[in-house]
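Enquirer: So that you have it, the file is query.cif, and it contains mmCIF, C-alpha atoms:
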```cif
data_coords
#
loop_
_atom_site.label_atom_id
_atom_site.label_comp_id
_atom_site.auth_asym_id
_atom_site.auth_seq_id
_atom_site.Cartn_x
_atom_site.Cartn_y
_atom_site.Cartn_z
CA MET A 1 -17.76 -23.01 -20.50
CA GLY A 2 -14.40 -23.99 -21.99
CA ASN A 3 -14.04 -20.69 -23.85
CA TYR A 4 -14.98 -18.78 -20.70
CA LEU A 5 -12.23 -20.47 -18.72
CA GLU A 6 -9.75 -19.89 -21.52
CA TYR A 7 -10.46 -16.15 -21.39
CA ILE A 8 -9.76 -16.17 -17.65
CA GLY A 9 -6.38 -17.75 -18.37
CA TYR A 10 -5.58 -15.13 -21.01
CA ILE A 11 -6.55 -12.28 -18.67
CA ALA A 12 -4.43 -13.71 -15.86
CA SER A 13 -1.45 -14.09 -18.22
CA LEU A 14 -1.86 -10.51 -19.43
CA ILE A 15 -1.97 -9.13 -15.86
CA VAL A 16 1.17 -11.05 -14.88
CA LEU A 17 2.89 -9.77 -18.03
CA ILE A 18 1.87 -6.17 -17.26
CA SER A 19 3.24 -6.52 -13.72
CA LEU A 20 6.71 -7.17 -15.16
CA LEU A 21 6.59 -3.78 -16.92
CA MET A 22 6.28 -1.86 -13.65
CA SER A 23 9.32 0.17 -12.61
CA SER A 24 7.97 0.41 -9.06
CA VAL A 25 8.62 -2.80 -7.11
CA LYS A 26 5.52 -2.17 -4.99
CA LYS A 27 3.28 -1.88 -8.06
CA LEU A 28 4.91 -4.96 -9.54
CA ARG A 29 4.11 -6.95 -6.39
CA TRP A 30 0.46 -5.79 -6.25
CA ILE A 31 -0.30 -6.40 -9.91
CA ASN A 32 1.61 -9.69 -9.99
CA MET A 33 -0.31 -10.86 -6.92
CA ILE A 34 -3.65 -10.10 -8.59
CA GLY A 35 -2.59 -11.88 -11.78
CA SER A 36 -1.32 -14.91 -9.84
CA LEU A 37 -4.53 -15.08 -7.80
CA ILE A 38 -6.61 -15.15 -10.99
CA PHE A 39 -4.21 -17.70 -12.49
CA GLY A 40 -4.49 -19.87 -9.38
CA THR A 41 -8.28 -19.72 -9.57
CA TYR A 42 -8.06 -20.61 -13.25
CA GLY A 43 -5.91 -23.63 -12.38
CA PHE A 44 -8.50 -24.93 -9.91
CA LEU A 45 -11.35 -24.38 -12.39
CA ILE A 46 -9.63 -26.43 -15.09
CA GLN A 47 -8.46 -28.93 -12.45
CA SER A 48 -4.80 -28.25 -13.18
CA TYR A 49 -3.69 -28.39 -9.57
CA PRO A 50 0.07 -27.88 -10.15
CA VAL A 51 -0.74 -24.56 -11.90
CA ALA A 52 -3.15 -23.58 -9.11
CA ILE A 53 -0.77 -24.45 -6.27
CA MET A 54 2.22 -22.73 -7.90
CA ASN A 55 0.30 -19.49 -8.47
CA LEU A 56 -1.22 -19.45 -5.02
CA GLY A 57 2.31 -19.89 -3.71
CA ILE A 58 3.32 -16.82 -5.74
CA VAL A 59 0.39 -14.94 -4.16
CA LEU A 60 1.70 -15.78 -0.68
CA ILE A 61 5.23 -14.69 -1.64
CA ASN A 62 3.91 -11.36 -2.93
CA ILE A 63 1.89 -10.86 0.26
CA TYR A 64 4.99 -11.54 2.35
CA TYR A 65 7.09 -8.95 0.52
CA LEU A 66 4.29 -6.37 0.49
CA VAL A 67 3.94 -6.71 4.26
CA GLN A 68 7.69 -6.18 4.52
CA MET A 69 7.53 -3.09 2.29
CA TYR A 70 4.68 -1.48 4.21
CA GLY A 71 6.12 -2.45 7.57
CA ASN A 72 9.67 -1.23 7.03
CA LYS A 73 10.41 2.32 8.10
CA ASP A 74 12.52 4.20 5.57
CA TYR A 75 15.24 6.62 6.60
CA PHE A 76 15.20 9.91 4.68
CA GLN A 77 17.70 12.74 4.60
CA LEU A 78 18.30 15.83 2.45
CA LEU A 79 21.71 16.45 0.91
CA GLU A 80 22.34 19.80 -0.74
CA THR A 81 24.56 19.79 -3.81
CA SER A 82 25.76 22.13 -6.58
CA GLU A 83 26.49 22.19 -10.30
CA ASN A 84 30.17 21.56 -9.49
CA ASP A 85 29.47 18.29 -7.68
CA ALA A 86 30.79 15.29 -9.65
CA TYR A 87 28.03 12.93 -8.48
CA PHE A 88 25.35 15.47 -9.43
CA GLU A 89 26.77 15.59 -12.97
CA ARG A 90 26.79 11.79 -13.23
CA PHE A 91 23.27 11.50 -11.81
CA LYS A 92 22.02 14.09 -14.29
CA THR A 93 23.67 12.31 -17.22
CA PHE A 94 22.47 8.84 -16.21
CA TYR A 95 18.82 9.90 -15.76
CA HIS A 96 18.79 12.45 -18.59
CA SER A 97 16.06 10.80 -20.69
CA GLU A 98 13.94 9.98 -17.61
CA ILE A 99 14.06 13.58 -16.41
CA GLN A 100 13.19 14.88 -19.87
CA SER A 101 10.18 12.57 -20.06
CA PHE A 102 8.67 14.27 -16.99
CA MET A 103 9.86 17.88 -17.22
CA ASP A 104 11.39 19.32 -20.37
CA GLN A 105 13.56 21.77 -18.45
CA GLU A 106 16.86 19.93 -18.10
CA HIS A 107 18.80 23.06 -19.13
CA SER A 108 17.88 24.65 -15.80
CA MET A 109 20.02 22.10 -13.97
CA ASN A 110 23.09 23.99 -15.10
CA THR A 111 21.96 27.39 -13.82
CA LYS A 112 24.59 28.74 -11.45
CA GLY A 113 23.36 29.63 -8.01
CA SER A 114 20.25 27.46 -8.34
CA PHE A 115 18.80 25.39 -5.52
CA LYS A 116 19.79 21.70 -5.78
CA VAL A 117 19.13 19.00 -3.20
CA PHE A 118 19.20 15.19 -3.26
CA VAL A 119 16.68 13.18 -1.26
CA LEU A 120 18.45 10.19 0.27
CA ARG A 121 16.31 7.16 1.05
CA ASN A 122 18.12 4.66 3.25
CA MET A 123 21.29 6.54 2.19
CA VAL A 124 20.56 5.96 -1.52
CA PRO A 125 20.10 9.07 -3.74
CA ALA A 126 16.45 8.44 -4.66
CA GLY A 127 15.27 11.91 -5.65
CA LEU A 128 16.47 15.28 -6.90
CA LEU A 129 14.92 18.72 -6.52
CA VAL A 130 16.25 21.65 -8.56
CA GLY A 131 14.97 25.21 -8.62
CA ASN A 132 15.70 28.90 -8.28
CA ILE A 133 14.82 31.10 -5.31
CA GLU A 134 13.18 34.44 -6.02
CA GLY A 135 12.18 36.25 -2.85
CA LYS A 136 10.08 33.83 -0.83
CA THR A 137 9.31 31.58 -3.80
CA LEU A 138 11.17 28.50 -4.99
CA HIS A 139 10.60 28.02 -8.72
CA ILE A 140 10.99 24.26 -9.14
CA THR A 141 12.41 23.19 -12.46
CA ILE A 142 13.24 19.56 -11.68
CA ASP A 143 11.37 17.31 -9.26
CA PHE A 144 12.56 13.79 -10.01
CA ALA A 145 12.45 10.41 -8.28
CA THR A 146 14.33 7.38 -9.56
CA PRO A 147 12.04 4.64 -11.00
CA GLN A 148 12.33 2.22 -8.08
CA TYR A 149 11.26 4.88 -5.56
CA ARG A 150 8.15 6.34 -7.19
CA ASP A 151 5.69 5.56 -4.40
CA PHE A 152 5.07 9.16 -3.22
CA LYS A 153 7.07 8.64 -0.01
CA ILE A 154 9.79 10.98 -1.28
CA ALA A 155 7.23 13.65 -2.17
CA SER A 156 5.53 13.29 1.21
CA TYR A 157 8.85 13.61 3.04
CA LEU A 158 10.07 16.53 0.94
CA PHE A 159 6.94 18.66 0.69
CA GLU A 160 5.24 17.81 3.99
CA ASP A 161 7.80 16.64 6.56
CA GLN A 162 10.53 19.07 5.46
CA LYS A 163 8.58 22.33 5.32
CA VAL A 164 10.90 23.70 8.01
CA PHE A 165 13.89 23.06 5.71
CA PHE A 166 12.41 25.35 3.06
CA GLN A 167 11.18 27.93 5.54
CA ALA A 168 14.66 28.17 7.09
CA LYS A 169 15.84 29.37 3.68
CA GLY A 170 13.07 31.97 3.54
CA ILE A 171 10.93 29.90 1.16
CA ASN A 172 7.19 29.99 1.77
CA ILE A 173 5.86 29.20 -1.70
CA LEU A 174 6.71 26.41 -4.15
CA LYS A 175 5.93 27.04 -7.80
CA THR A 176 6.37 24.85 -10.85
CA SER A 177 4.92 24.03 -14.26
CA SER A 178 3.68 20.69 -15.53
CA GLY A 179 5.68 18.67 -18.03
CA ASN A 180 2.82 16.34 -19.03
CA LYS A 181 -0.48 14.86 -17.82
CA LYS A 182 1.25 12.30 -15.63
CA HIS A 183 3.30 15.00 -13.94
CA GLU A 184 0.19 17.17 -13.56
CA LYS A 185 -1.61 14.32 -11.77
CA TYR A 186 1.39 13.91 -9.47
CA LEU A 187 1.42 17.63 -8.59
CA LYS A 188 -2.25 17.65 -7.70
CA ARG A 189 -1.86 14.55 -5.55
CA ILE A 190 0.93 16.13 -3.45
CA GLY A 191 -1.03 19.32 -2.79
CA PHE A 192 -0.18 21.76 -5.59
CA HIS A 193 -3.07 23.78 -7.01
CA GLN A 194 -3.32 25.21 -10.50
CA GLU A 195 -3.31 28.92 -11.30
CA ILE A 196 -2.89 30.92 -14.50
CA GLU A 197 0.16 33.16 -14.82
CA ASN A 198 0.87 35.13 -18.00
CA GLY A 199 -1.68 32.99 -19.79
CA GLN A 200 0.06 29.75 -18.79
CA PRO A 201 -1.01 27.18 -16.16
CA ILE A 202 1.32 26.93 -13.16
CA TYR A 203 1.15 24.88 -9.98
CA ILE A 204 1.61 26.38 -6.53
CA LYS A 205 1.96 24.97 -3.02
CA GLU A 206 2.05 27.23 0.04
CA LEU A 207 4.17 26.08 2.97
CA SER A 208 2.00 27.08 5.90
#
```
Output the file's structure in the form of structure tokens.
Expert:
Amino acid sequence: MGNYLEYIGYIASLIVLISLLMSSVKKLRWINMIGSLIFGTYGFLIQSYPVAIMNLGIVLINIYYLVQMYGNKDYFQLLETSENDAYFERFKTFYHSEIQSFMDQEHSMNTKGSFKVFVLRNMVPAGLLVGNIEGKTLHITIDFATPQYRDFKIASYLFEDQKVFFQAKGINILKTSSGNKKHEKYLKRIGFHQEIENGQPIYIKELS
């Protein structure tokens, strides 16, 4: 029985540790809450009530902040930019390695005449979309969200709520390629479907 309880303590510790590795605050809160709940249970089982009470308190704190996160309404806005914009250059430089880890196409951010737009979330630049327009198709080369805002709200706002924004520019089709498996999973989740073009997989979303 003692070994069994010890394993519970190790698992709880590992979950809490993993939670601290999350770049998304929402994921951190969820995982930390689960780890603290297990740790609190562990404290009661071994009759270490200070450990149990402290961790159950952490559970309540996580619940409070999660309710706040889900209850708060975010304000979104699009802000078009260009390769000559000083902030765009600084943003690109600061997040260079992050962008490269998702889509190995950073060179396209310097293409003159390309489509570039920031997604502001509560007036904070939280996302960046870069691409080139060919006819009615926007070829997306960069679709990036800063680490603290990777909860799919930006993608939902951009690709669902702002269809009219794209259509006003004559864009009816979004097309992109996948940088890695994680990016591929993201594309499928936000409504892109895979096709084969010139022997290579591409992802397409029609703005109907």
Enquirer: Applied to the shown file, which residues does the PyMOL selection byres ((chain A and resi 139) around 10) return, written as a ChimeraX atom specification?
Expert: /A:114-115,130-134,136-138,140-142,173-177,204
Enquirer: Could you give me, as a PyMOL selection string, the residues within 10 Å of Ile34 (chain A), counting all atoms listed in the file and dropping anything in the same chain fewer than 3 positions from it?
Expert: chain A and resi 12+15-16+19+29-31+37-40+59+62
Enquirer: How big is the axis-aligned box, and where does its centre sit, when it encloses all atoms of region 155-162 of chain A listed in the file and has 6 Å added on every side, reported in Å to one decimal as JSON?
Expert:
```
{"center_x": 7.9, "center_y": 16.2, "center_z": 2.2, "size_x": 17.3, "size_y": 17.8, "size_z": 20.7}
```
Enquirer: With all atoms listed in the file as the basis for distance, which of A:Phe159, A:Phe102, A:Phe165, A:Phe88 is at the shortest distance from Lys185 (chain A)?
Expert: A:Phe102
Enquirer: List, as a list of chain:residue names, every residue that the PyMOL selection byres ((chain A and resi 129) around 7) selects in the file provided.
Expert: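 With the PyMOL selection byres ((chain A and resi 129) around 7) on this model, the match is A:Lys116, A:Val117, A:Phe118, A:Gly127, A:Leu128, A:Val130, A:Gly131, A:Ile142, A:Asp143, A:Phe144.
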Enquirer: Residues of the last selection are to be written out with C-alpha atoms, as a PDB file, in the frame of the given file.
Expert:
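Resulting contents of selection07.pdb:
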```pdb
ATOM      1  CA  LYS A 116      19.790  21.700  -5.780  1.00  0.00           C
ATOM      2  CA  VAL A 117      19.130  19.000  -3.200  1.00  0.00           C
ATOM      3  CA  PHE A 118      19.200  15.190  -3.260  1.00  0.00           C
ATOM      4  CA  GLY A 127      15.270  11.910  -5.650  1.00  0.00           C
ATOM      5  CA  LEU A 128      16.470  15.280  -6.900  1.00  0.00           C
ATOM      6  CA  VAL A 130      16.250  21.650  -8.560  1.00  0.00           C
ATOM      7  CA  GLY A 131      14.970  25.210  -8.620  1.00  0.00           C
ATOM      8  CA  ILE A 142      13.240  19.560 -11.680  1.00  0.00           C
ATOM      9  CA  ASP A 143      11.370  17.310  -9.260  1.00  0.00           C
ATOM     10  CA  PHE A 144      12.560  13.790 -10.010  1.00  0.00           C
TER      11      PHE A 144
END
```
Enquirer: For this file, the PyMOL selection byres ((chain A and resi 149) around 10) selects which residues, as a ChimeraX atom specification?
Expert: /A:23-26,121,125-127,145-148,150-154
